[in-house]
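Participant: File follows, work.csv with CSV, C-alpha atoms:
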chain,number,residue,atom,x,y,z
X,603,MET,CA,109.4,122.3,132.9
X,604,ASN,CA,111.1,119.5,134.7
X,605,ILE,CA,114.5,120.4,135.8
X,606,GLU,CA,114.5,118.7,139.2
X,607,ASN,CA,116.3,115.6,137.9
X,608,PRO,CA,118.0,116.2,134.6
X,609,SER,CA,119.4,113.1,132.9
X,610,VAL,CA,122.9,114.7,132.5
X,611,GLU,CA,124.8,117.6,133.9
X,612,ILE,CA,123.2,121.0,133.2
X,613,PRO,CA,124.5,122.2,129.8
X,614,PHE,CA,125.8,125.7,129.3
X,615,VAL,CA,126.8,127.4,126.0
X,616,ASP,CA,129.4,130.1,125.7
X,617,SER,CA,127.6,131.9,122.8
X,618,HIS,CA,130.4,134.4,122.1
X,619,CYS,CA,134.2,133.8,122.7
X,620,HIS,CA,137.4,134.6,120.8
X,621,LEU,CA,139.2,131.3,121.0
X,622,ASP,CA,141.9,132.6,118.7
X,623,ARG,CA,142.8,135.3,121.2
X,624,LEU,CA,143.3,133.2,124.4
X,625,SER,CA,145.8,134.9,126.8
X,626,ALA,CA,149.1,133.3,127.3
X,627,ASP,CA,148.3,133.6,131.1
X,628,THR,CA,145.3,131.3,130.7
X,629,HIS,CA,146.3,127.7,131.2
X,630,GLY,CA,149.7,128.5,129.6
X,631,GLY,CA,147.9,129.6,126.4
X,632,ASP,CA,146.8,126.1,125.8
X,633,LEU,CA,143.3,126.3,124.2
X,634,SER,CA,142.6,122.6,124.6
X,635,VAL,CA,143.2,122.9,128.4
X,636,ALA,CA,140.9,126.0,128.6
X,637,LEU,CA,138.2,124.2,126.7
X,638,ASP,CA,138.5,121.1,128.9
X,639,VAL,CA,138.2,123.2,132.0
X,640,ALA,CA,135.0,124.7,130.6
X,641,ARG,CA,133.7,121.3,129.7
X,642,ALA,CA,134.3,120.1,133.2
X,643,ARG,CA,131.9,122.9,134.4
X,644,GLY,CA,129.2,121.8,132.0
X,645,VAL,CA,129.9,124.1,129.0
X,646,ARG,CA,128.9,121.9,126.1
X,647,GLN,CA,129.3,124.2,123.1
X,648,PHE,CA,131.3,127.3,122.1
X,649,LEU,CA,130.7,129.9,119.4
X,650,ALA,CA,134.1,131.2,118.3
X,651,VAL,CA,133.5,134.6,116.9
X,652,SER,CA,135.3,136.3,114.0
X,653,VAL,CA,136.5,139.9,114.1
X,654,SER,CA,138.0,139.8,110.6
X,655,LEU,CA,137.6,137.7,107.5
X,656,ASP,CA,141.3,137.0,107.4
X,657,GLY,CA,140.9,135.3,110.8
X,658,VAL,CA,138.1,132.9,109.8
X,659,PRO,CA,140.4,130.2,108.4
X,660,GLY,CA,142.2,130.0,111.8
X,661,LEU,CA,138.8,129.7,113.6
X,662,ALA,CA,137.9,127.0,111.2
X,663,ARG,CA,141.0,125.1,112.1
X,664,ILE,CA,140.1,125.4,115.8
X,665,ARG,CA,136.6,124.2,114.9
X,666,ASP,CA,137.9,121.2,113.0
X,667,GLN,CA,139.9,120.1,116.1
X,668,HIS,CA,137.0,120.5,118.6
X,669,ALA,CA,133.6,119.0,117.8
X,670,ASP,CA,131.8,121.3,120.2
X,671,VAL,CA,133.1,124.5,118.6
X,672,VAL,CA,131.2,126.4,115.9
X,673,ILE,CA,132.3,129.6,114.2
X,674,SER,CA,131.1,132.9,112.7
X,675,ALA,CA,132.4,135.0,109.8
X,676,GLY,CA,132.5,138.8,109.9
X,677,VAL,CA,134.3,142.0,110.6
X,678,HIS,CA,134.3,144.0,113.8
X,679,PRO,CA,133.2,147.6,113.4
X,680,LEU,CA,136.6,148.9,114.8
X,681,GLN,CA,138.7,146.6,112.6
X,682,GLU,CA,140.9,148.8,110.4
X,683,LEU,CA,141.0,147.6,106.8
X,684,GLU,CA,142.6,148.7,103.6
X,685,ASP,CA,139.7,147.2,101.5
X,686,GLU,CA,136.2,146.9,102.8
X,687,PRO,CA,134.5,143.5,102.3
X,688,SER,CA,131.5,143.4,100.0
X,689,VAL,CA,128.4,141.4,100.7
X,690,GLU,CA,129.8,138.8,98.3
X,691,ASP,CA,133.1,138.6,100.2
X,692,ILE,CA,131.2,137.9,103.5
X,693,VAL,CA,128.9,135.4,101.9
X,694,MET,CA,131.8,133.5,100.2
X,695,CYS,CA,133.8,133.4,103.4
X,696,ALA,CA,130.9,132.2,105.5
X,697,LYS,CA,130.0,129.5,103.0
X,698,GLU,CA,133.6,128.3,102.5
X,699,HIS,CA,134.3,127.9,106.2
X,700,GLU,CA,130.8,126.7,107.2
X,701,ALA,CA,130.0,129.5,109.6
X,702,VAL,CA,126.8,129.3,111.6
X,703,ALA,CA,126.5,133.1,112.0
X,704,ILE,CA,127.6,136.4,110.5
X,705,GLY,CA,129.6,138.8,112.6
X,706,GLU,CA,130.6,140.2,114.9
X,707,CYS,CA,129.7,143.4,113.2
X,708,GLY,CA,127.8,146.6,114.0
X,709,LEU,CA,128.5,150.1,115.2
X,710,ASP,CA,130.9,151.4,117.8
X,711,TYR,CA,130.8,155.2,118.1
X,712,HIS,CA,132.7,155.2,121.4
X,713,TYR,CA,135.9,155.2,119.5
X,714,ASP,CA,136.9,157.0,116.2
X,715,SER,CA,139.4,154.6,114.8
X,716,VAL,CA,137.0,153.7,111.9
X,717,PRO,CA,134.9,156.5,110.4
X,718,ARG,CA,131.2,156.2,111.2
X,719,ASP,CA,130.2,156.2,107.5
X,720,VAL,CA,132.5,153.3,106.9
X,721,GLN,CA,131.1,151.4,109.9
X,722,ARG,CA,127.5,152.0,108.7
X,723,GLU,CA,128.2,150.6,105.2
X,724,ARG,CA,130.1,147.7,106.6
X,725,PHE,CA,127.2,146.9,109.0
X,726,ILE,CA,124.7,147.0,106.1
X,727,CYS,CA,126.9,144.6,104.1
X,728,HIS,CA,126.8,142.1,107.0
X,729,LEU,CA,123.0,142.5,107.4
X,730,LYS,CA,122.5,141.8,103.7
X,731,ALA,CA,124.8,138.8,103.9
X,732,SER,CA,122.9,137.5,106.9
X,733,THR,CA,119.6,137.8,105.0
X,734,GLU,CA,121.1,136.2,101.9
X,735,LEU,CA,122.5,133.2,103.8
X,736,GLY,CA,119.7,132.9,106.4
X,737,LEU,CA,122.3,133.0,109.1
X,738,PRO,CA,121.8,135.1,112.2
X,739,VAL,CA,123.9,138.2,112.7
X,740,ILE,CA,126.0,138.9,115.8
X,741,VAL,CA,125.8,142.6,116.5
X,742,HIS,CA,128.3,144.7,118.5
X,743,THR,CA,126.8,148.1,119.4
X,744,ARG,CA,128.2,150.8,121.6
X,745,ALA,CA,127.1,154.4,121.8
X,746,ALA,CA,125.0,153.9,118.7
X,747,LYS,CA,121.7,152.8,119.9
X,748,GLU,CA,119.3,154.5,117.5
X,749,GLU,CA,121.3,154.0,114.4
X,750,THR,CA,121.9,150.3,115.2
X,751,LEU,CA,118.2,149.7,115.5
X,752,ALA,CA,117.4,151.8,112.4
X,753,LEU,CA,119.8,149.7,110.3
X,754,ILE,CA,118.5,146.5,111.7
X,755,ARG,CA,114.9,147.6,110.8
X,756,GLU,CA,115.9,148.6,107.3
X,757,HIS,CA,118.3,145.8,106.3
X,758,GLY,CA,117.7,142.9,108.7
X,759,ASP,CA,115.4,140.0,108.3
X,760,PRO,CA,113.2,139.3,111.4
X,761,ALA,CA,112.8,135.7,110.3
X,762,VAL,CA,116.6,135.2,110.5
X,763,GLY,CA,117.2,137.4,113.5
X,764,GLY,CA,120.4,137.8,115.5
X,765,VAL,CA,121.8,138.8,118.8
X,766,LEU,CA,123.0,142.0,120.4
X,767,HIS,CA,126.1,140.5,122.0
X,768,CYS,CA,127.7,141.7,125.3
X,769,PHE,CA,124.7,143.9,125.8
X,770,THR,CA,125.5,147.2,127.7
X,771,GLU,CA,122.6,149.4,126.6
X,772,ASP,CA,119.3,150.2,128.3
X,773,LEU,CA,116.1,148.2,128.7
X,774,ASP,CA,114.3,150.1,126.0
X,775,MET,CA,116.9,149.1,123.4
X,776,ALA,CA,116.7,145.5,124.6
X,777,ARG,CA,112.9,145.4,124.3
X,778,GLU,CA,113.0,147.0,120.8
X,779,ALA,CA,115.7,144.5,119.7
X,780,VAL,CA,113.5,141.6,120.9
X,781,ARG,CA,110.6,143.1,119.0
X,782,LEU,CA,112.8,143.0,115.9
X,783,GLY,CA,113.5,139.3,116.3
X,784,PHE,CA,116.8,139.6,118.2
X,785,TYR,CA,118.2,138.0,121.3
X,786,ILE,CA,120.0,139.8,124.1
X,787,SER,CA,123.3,138.3,125.3
X,788,LEU,CA,124.8,139.1,128.6
X,789,ALA,CA,128.5,138.8,129.5
X,790,GLY,CA,130.6,139.3,132.6
X,791,ILE,CA,129.8,143.0,132.9
X,792,VAL,CA,126.4,142.1,134.4
X,793,THR,CA,128.3,140.9,137.5
X,794,PHE,CA,130.1,144.3,138.0
X,795,ARG,CA,129.2,146.3,141.0
X,796,ASN,CA,128.3,149.4,139.0
X,797,ALA,CA,126.1,147.5,136.5
X,798,GLU,CA,122.8,147.8,138.2
X,799,SER,CA,121.0,149.0,135.0
X,800,LEU,CA,122.3,146.0,133.2
X,801,ARG,CA,121.0,143.7,136.0
X,802,GLU,CA,117.6,145.3,135.4
X,803,VAL,CA,117.9,144.0,131.8
X,804,ALA,CA,118.8,140.6,133.2
X,805,ARG,CA,115.6,140.7,135.3
X,806,ARG,CA,113.2,142.0,132.8
X,807,VAL,CA,114.1,140.7,129.3
X,808,PRO,CA,112.2,137.5,128.7
X,809,LEU,CA,114.4,134.5,129.5
X,810,ASP,CA,113.4,132.9,126.3
X,811,ARG,CA,115.1,135.8,124.4
X,812,MET,CA,118.4,135.7,126.4
X,813,LEU,CA,121.8,134.3,125.8
X,814,ILE,CA,125.0,134.1,127.9
X,815,GLU,CA,128.6,134.6,126.8
X,816,THR,CA,132.1,135.4,128.1
X,817,ASP,CA,133.4,137.5,125.2
X,818,SER,CA,136.7,135.9,126.4
X,819,PRO,CA,139.5,136.9,126.7
X,820,TYR,CA,137.8,140.2,127.6
X,821,LEU,CA,135.6,141.3,130.5
X,822,ALA,CA,136.0,138.6,133.1
X,823,PRO,CA,133.2,138.4,135.6
X,824,VAL,CA,133.4,138.9,139.3
X,825,PRO,CA,135.2,137.3,141.1
X,826,TYR,CA,137.8,137.1,138.3
X,827,ARG,CA,137.5,140.7,137.2
X,828,GLY,CA,140.8,142.0,135.9
X,829,LYS,CA,142.1,138.6,134.8
X,830,PRO,CA,142.0,137.3,131.2
X,831,ASN,CA,138.6,135.8,130.7
X,832,GLU,CA,138.0,132.2,129.6
X,833,PRO,CA,134.9,130.2,128.5
X,834,ALA,CA,134.6,128.3,131.8
X,835,TRP,CA,133.4,131.5,133.5
X,836,VAL,CA,130.2,131.7,131.5
X,837,VAL,CA,128.8,129.9,134.5
X,838,GLU,CA,129.3,133.0,136.6
X,839,VAL,CA,127.2,135.0,134.2
X,840,ALA,CA,124.4,132.4,134.4
X,841,GLU,CA,124.6,132.4,138.2
X,842,CYS,CA,124.2,136.2,138.3
X,843,ILE,CA,121.2,136.1,136.1
X,844,ALA,CA,119.7,133.4,138.2
X,845,ARG,CA,120.1,135.4,141.4
X,846,GLU,CA,118.6,138.5,139.8
X,847,ARG,CA,115.6,136.6,138.5
X,848,ASN,CA,115.3,134.4,141.7
X,849,ILE,CA,115.4,131.2,139.7
X,850,SER,CA,117.8,128.3,139.6
X,851,VAL,CA,121.0,128.4,137.6
X,852,GLU,CA,119.8,125.2,136.0
X,853,GLU,CA,116.8,127.0,134.5
X,854,VAL,CA,119.0,129.8,133.1
X,855,ALA,CA,121.4,127.2,131.6
X,856,LEU,CA,118.8,125.1,130.0
X,857,GLN,CA,116.8,128.0,128.6
X,858,THR,CA,119.8,129.9,127.2
X,859,THR,CA,121.1,126.7,125.7
X,860,ALA,CA,117.7,126.1,124.0
X,861,ASN,CA,117.7,129.7,122.9
X,862,PHE,CA,121.2,129.3,121.4
X,863,HIS,CA,120.1,126.4,119.2
X,864,ARG,CA,116.9,128.1,118.3
X,865,LEU,CA,118.8,131.1,117.0
X,866,PHE,CA,121.9,129.5,115.6
X,867,ARG,CA,120.0,126.8,113.7
X,868,ALA,CA,123.1,125.6,111.8
X,869,ALA,CA,124.8,124.8,115.1
X,870,ALA,CA,121.8,122.8,116.4
X,871,PRO,CA,122.6,119.5,114.5
X,872,GLN,CA,126.1,119.5,116.2
X,873,VAL,CA,124.7,119.4,119.8
X,874,ASP,CA,125.5,116.0,121.4
X,875,ASP,CA,122.8,113.5,122.3
X,876,GLU,CA,123.1,114.0,126.0
X,877,VAL,CA,122.5,117.8,125.7
X,878,ARG,CA,119.5,117.2,123.4
X,879,GLN,CA,118.1,114.7,125.9
X,880,ALA,CA,118.5,117.2,128.8
X,881,LEU,CA,116.6,119.8,126.8
X,882,MET,CA,113.9,117.3,126.0
X,883,ASP,CA,113.6,116.3,129.6
X,884,ALA,CA,113.2,119.9,130.6
X,885,GLY,CA,110.5,120.5,128.0
X,886,PHE,CA,112.5,122.8,125.7
X,887,VAL,CA,112.5,120.6,122.6
X,888,ASN,CA,110.3,117.8,121.4
Could the structure of this file be written out as C-alpha cells, please?
Facilitator:
Amino acid sequence: MNIENPSVEIPFVDSHCHLDRLSADTHGGDLSVALDVARARGVRQFLAVSVSLDGVPGLARIRDQHADVVISAGVHPLQELEDEPSVEDIVMCAKEHEAVAIGECGLDYHYDSVPRDVQRERFICHLKASTELGLPVIVHTRAAKEETLALIREHGDPAVGGVLHCFTEDLDMAREAVRLGFYISLAGIVTFRNAESLREVARRVPLDRMLIETDSPYLAPVPYRGKPNEPAWVVEVAECIARERNISVEEVALQTTANFHRLFRAAAPQVDDEVRQALMDAGFVN
C-alpha cells in the first residue's frame, strides 16, 4: 500500500447521514454550506439515509442537486406507520428513486413505540427487498443482538451483504456480522469517554470490513459532543480509529472509502476520477 504521496487529498466518505434533517443551528440550516464544509475537509461522498419511504423523494431531490450524494430507501424500526410497507413497496420505491441501498431498517428493542412483532416483519421485508434488488441493507440494531443476527442469517443474502450502522454492540456480534458478509460502521460514539468497549471493536474488527459515518445530525463526536452533528465531522471518527489502531488517518480514510464502494456497488460509478486515482495509487483498486 502506497499512501506516502497520494495524488489528491485523502478521500473520506460519510457512509450514513440524514441530510434531510440538518439542524437549523448548523450553518444556518443551509445544507449546501454544510456539504461544502465537509468537502473542504476531504469528504468526497455522502450516503443520505432514509427513515421512511415517504421521505425518499425528498432525499432524491437532494441527490439530484449534489453529484456526490447517493441515497437509500427504507423504514426505520421505530418509525410509526398506519400501513406497513410490503416487499414490493420497498422494491418499487428503491427502483423509482435509484437508491443504492435498502434501509435503514432493523430492530430496536430499547424503546417500545413500535411492537417487536411489527419490527420483525418490517425487517424481514427489507431483507427480502435487499436480496431481490441485490442492494446492500443498512441495519439499525439496538438491544436486539441475537434476533438481528438470526433474521440476517435466515433472510439475508451474504453475496449482497450490508452494514450494521452506528455500531454499539459487542465484539462477538461484530465478528459474527462480518462472517455473515456484513460491514461494521462506527460513528461519533467511538470517541466518547465511556465507549472503551466500542474502541475495542475499532481495534479488532478487520479494517477491510469497516466503514465510518456521522449519523448526523445525531451523536456528534468529541470535541463537538452535544452539538448537532454534521458530515464534516466524520473525520474525527476516522482520527479516533487511527489512534486506536496506531495507523495513519490516511490509511483509515482510504480503506473505508474503498470498503464503501465495495459494498455499495451502485454508488461506485459515481465516484469522481480523482478519488478513484487515489484508491488506485494506494493499491485498493486496479
Participant: Can you work out which one of X:Val658, X:Val653, X:Arg755, X:Pro760 has the shortest atom-to-atom distance to Cys707 (chain X), counting only C-alpha atoms?
Facilitator: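 Answer, going by the shortest atom-to-atom distance: X:Val653.
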Participant: I'd like the neighbourhood of region 708-724 of chain X as a count of residues only, where a residue qualifies if any of its atoms comes within 10 Å (using all atoms listed in the file), though same-chain residues fewer than 3 positions away should be ignored.
Facilitator: 30
Participant: Could you check which of X:Pro825, X:Pro808, X:Gly660, X:Pro833 is closest to Gly644 (chain X), using all atoms listed in the file?
Facilitator: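 Answer, going by the shortest atom-to-atom distance: X:Pro833.
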Participant: When distances are computed from all atoms listed in the file, which of X:Tyr785, X:Phe794, X:Phe769, X:Phe614 shows the smallest separation from Ala840 (chain X)?
Facilitator: X:Phe614
Participant: Take CA of Gly828 (chain X) and CA of Ile664 (chain X) and report the distance between them in Å, one decimal.
Facilitator: 26.1 Å
Participant: Residues of region 778-883 of chain X that approach region 696-702 of chain X to 8 Å or less, counting all atoms listed in the file: could you list each one with the shortest pair of atoms and its distance in Å to one decimal, rows by chain and increasing residue number, as a tab-separated table?
Facilitator:
residue	atom	partner	partner_atom	distance
X:Phe866	CA	X:Val702	CA	6.3
X:Arg867	CA	X:Val702	CA	7.5
X:Ala868	CA	X:Val702	CA	5.2
X:Ala869	CA	X:Val702	CA	6.0
Participant: Could you work out how far CA of Leu788 (chain X) lies from CA of Ala752 (chain X), giving the answer in Å with one decimal?
Facilitator: 21.9 Å
Participant: Pick out the closest residue to Glu815 (chain X) from this set: X:His767, X:Arg864, X:Arg623, X:Arg643. Count only C-alpha atoms.
Facilitator: X:His767
Participant: Quick one: of X:Ser625, X:Ser850, X:Ser732, X:Thr859, who's nearest to Leu649 (chain X), counting all atoms listed in the file?
Facilitator: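 Looking at the shortest contact to Leu649 (chain X), the residue is X:Thr859.
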Participant: Measure the distance from CA of Glu832 (chain X) to CA of Ser799 (chain X) in Å and round it to one decimal.
Facilitator: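 Calculated distance between CA of Glu832 (chain X) and CA of Ser799 (chain X) is 24.5 Å.
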Participant: Could you list, as a ChimeraX atom specification, every residue within 9 Å of Met775 (chain X), counting only C-alpha atoms and ignoring same-chain residues fewer than 3 positions away?
Facilitator: /X:747-748,751,771-772,778-780
Participant: Which residue gives the smallest distance to Phe784 (chain X) among X:Asp817, X:Asp874, X:Asp810, X:Asp656, with all atoms listed in the file counted?
Facilitator: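 Checking each of X:Asp817, X:Asp874, X:Asp810, X:Asp656 against Phe784 (chain X), counting all atoms listed in the file, the winner is X:Asp810.
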Participant: If we count only C-alpha atoms and set the cut-off at 12 Å, which residues sit around Val851 (chain X), ignoring sequence neighbours fewer than 5 positions away in its own chain? Please answer as a ChimeraX atom specification.
Facilitator: /X:605-606,612-614,644,814,836-846,856-858
Participant: Need a file for region 660-671 of chain X from that block: N, CA, C and O atoms, written as a compact mmCIF listing (two decimals), in the first residue's frame.
Facilitator:
# COMPACT_ATOMS: atom_id res chain seq x y z
N GLY X 660 -37.79 13.31 -1.15
CA GLY X 660 -37.03 14.48 -0.71
C GLY X 660 -35.53 14.22 -0.75
O GLY X 660 -34.75 15.10 -1.14
N LEU X 661 -35.12 13.01 -0.36
CA LEU X 661 -33.70 12.66 -0.45
C LEU X 661 -33.25 12.64 -1.91
O LEU X 661 -32.13 13.06 -2.23
N ALA X 662 -34.13 12.15 -2.79
CA ALA X 662 -33.78 12.11 -4.21
C ALA X 662 -33.56 13.53 -4.76
O ALA X 662 -32.68 13.75 -5.59
N ARG X 663 -34.36 14.47 -4.28
CA ARG X 663 -34.16 15.85 -4.72
C ARG X 663 -32.81 16.39 -4.26
O ARG X 663 -32.13 17.11 -5.00
N ILE X 664 -32.43 16.06 -3.02
CA ILE X 664 -31.10 16.45 -2.54
C ILE X 664 -30.03 15.81 -3.40
O ILE X 664 -29.07 16.48 -3.82
N ARG X 665 -30.18 14.53 -3.68
CA ARG X 665 -29.21 13.81 -4.53
C ARG X 665 -29.09 14.47 -5.90
O ARG X 665 -27.99 14.62 -6.44
N ASP X 666 -30.21 14.86 -6.46
CA ASP X 666 -30.20 15.45 -7.80
C ASP X 666 -29.49 16.80 -7.83
O ASP X 666 -29.03 17.26 -8.89
N GLN X 667 -29.40 17.46 -6.67
CA GLN X 667 -28.74 18.76 -6.59
C GLN X 667 -27.25 18.65 -6.26
O GLN X 667 -26.52 19.65 -6.37
N HIS X 668 -26.81 17.45 -5.84
CA HIS X 668 -25.42 17.28 -5.39
C HIS X 668 -24.88 15.97 -5.96
O HIS X 668 -25.31 14.89 -5.55
N ALA X 669 -23.93 16.06 -6.86
CA ALA X 669 -23.44 14.88 -7.56
C ALA X 669 -22.75 13.87 -6.66
O ALA X 669 -22.63 12.69 -7.01
N ASP X 670 -22.30 14.30 -5.48
CA ASP X 670 -21.59 13.40 -4.58
C ASP X 670 -22.49 12.80 -3.50
O ASP X 670 -22.00 12.19 -2.55
N VAL X 671 -23.80 12.95 -3.64
CA VAL X 671 -24.76 12.36 -2.71
C VAL X 671 -25.45 11.19 -3.37
O VAL X 671 -25.88 11.27 -4.53
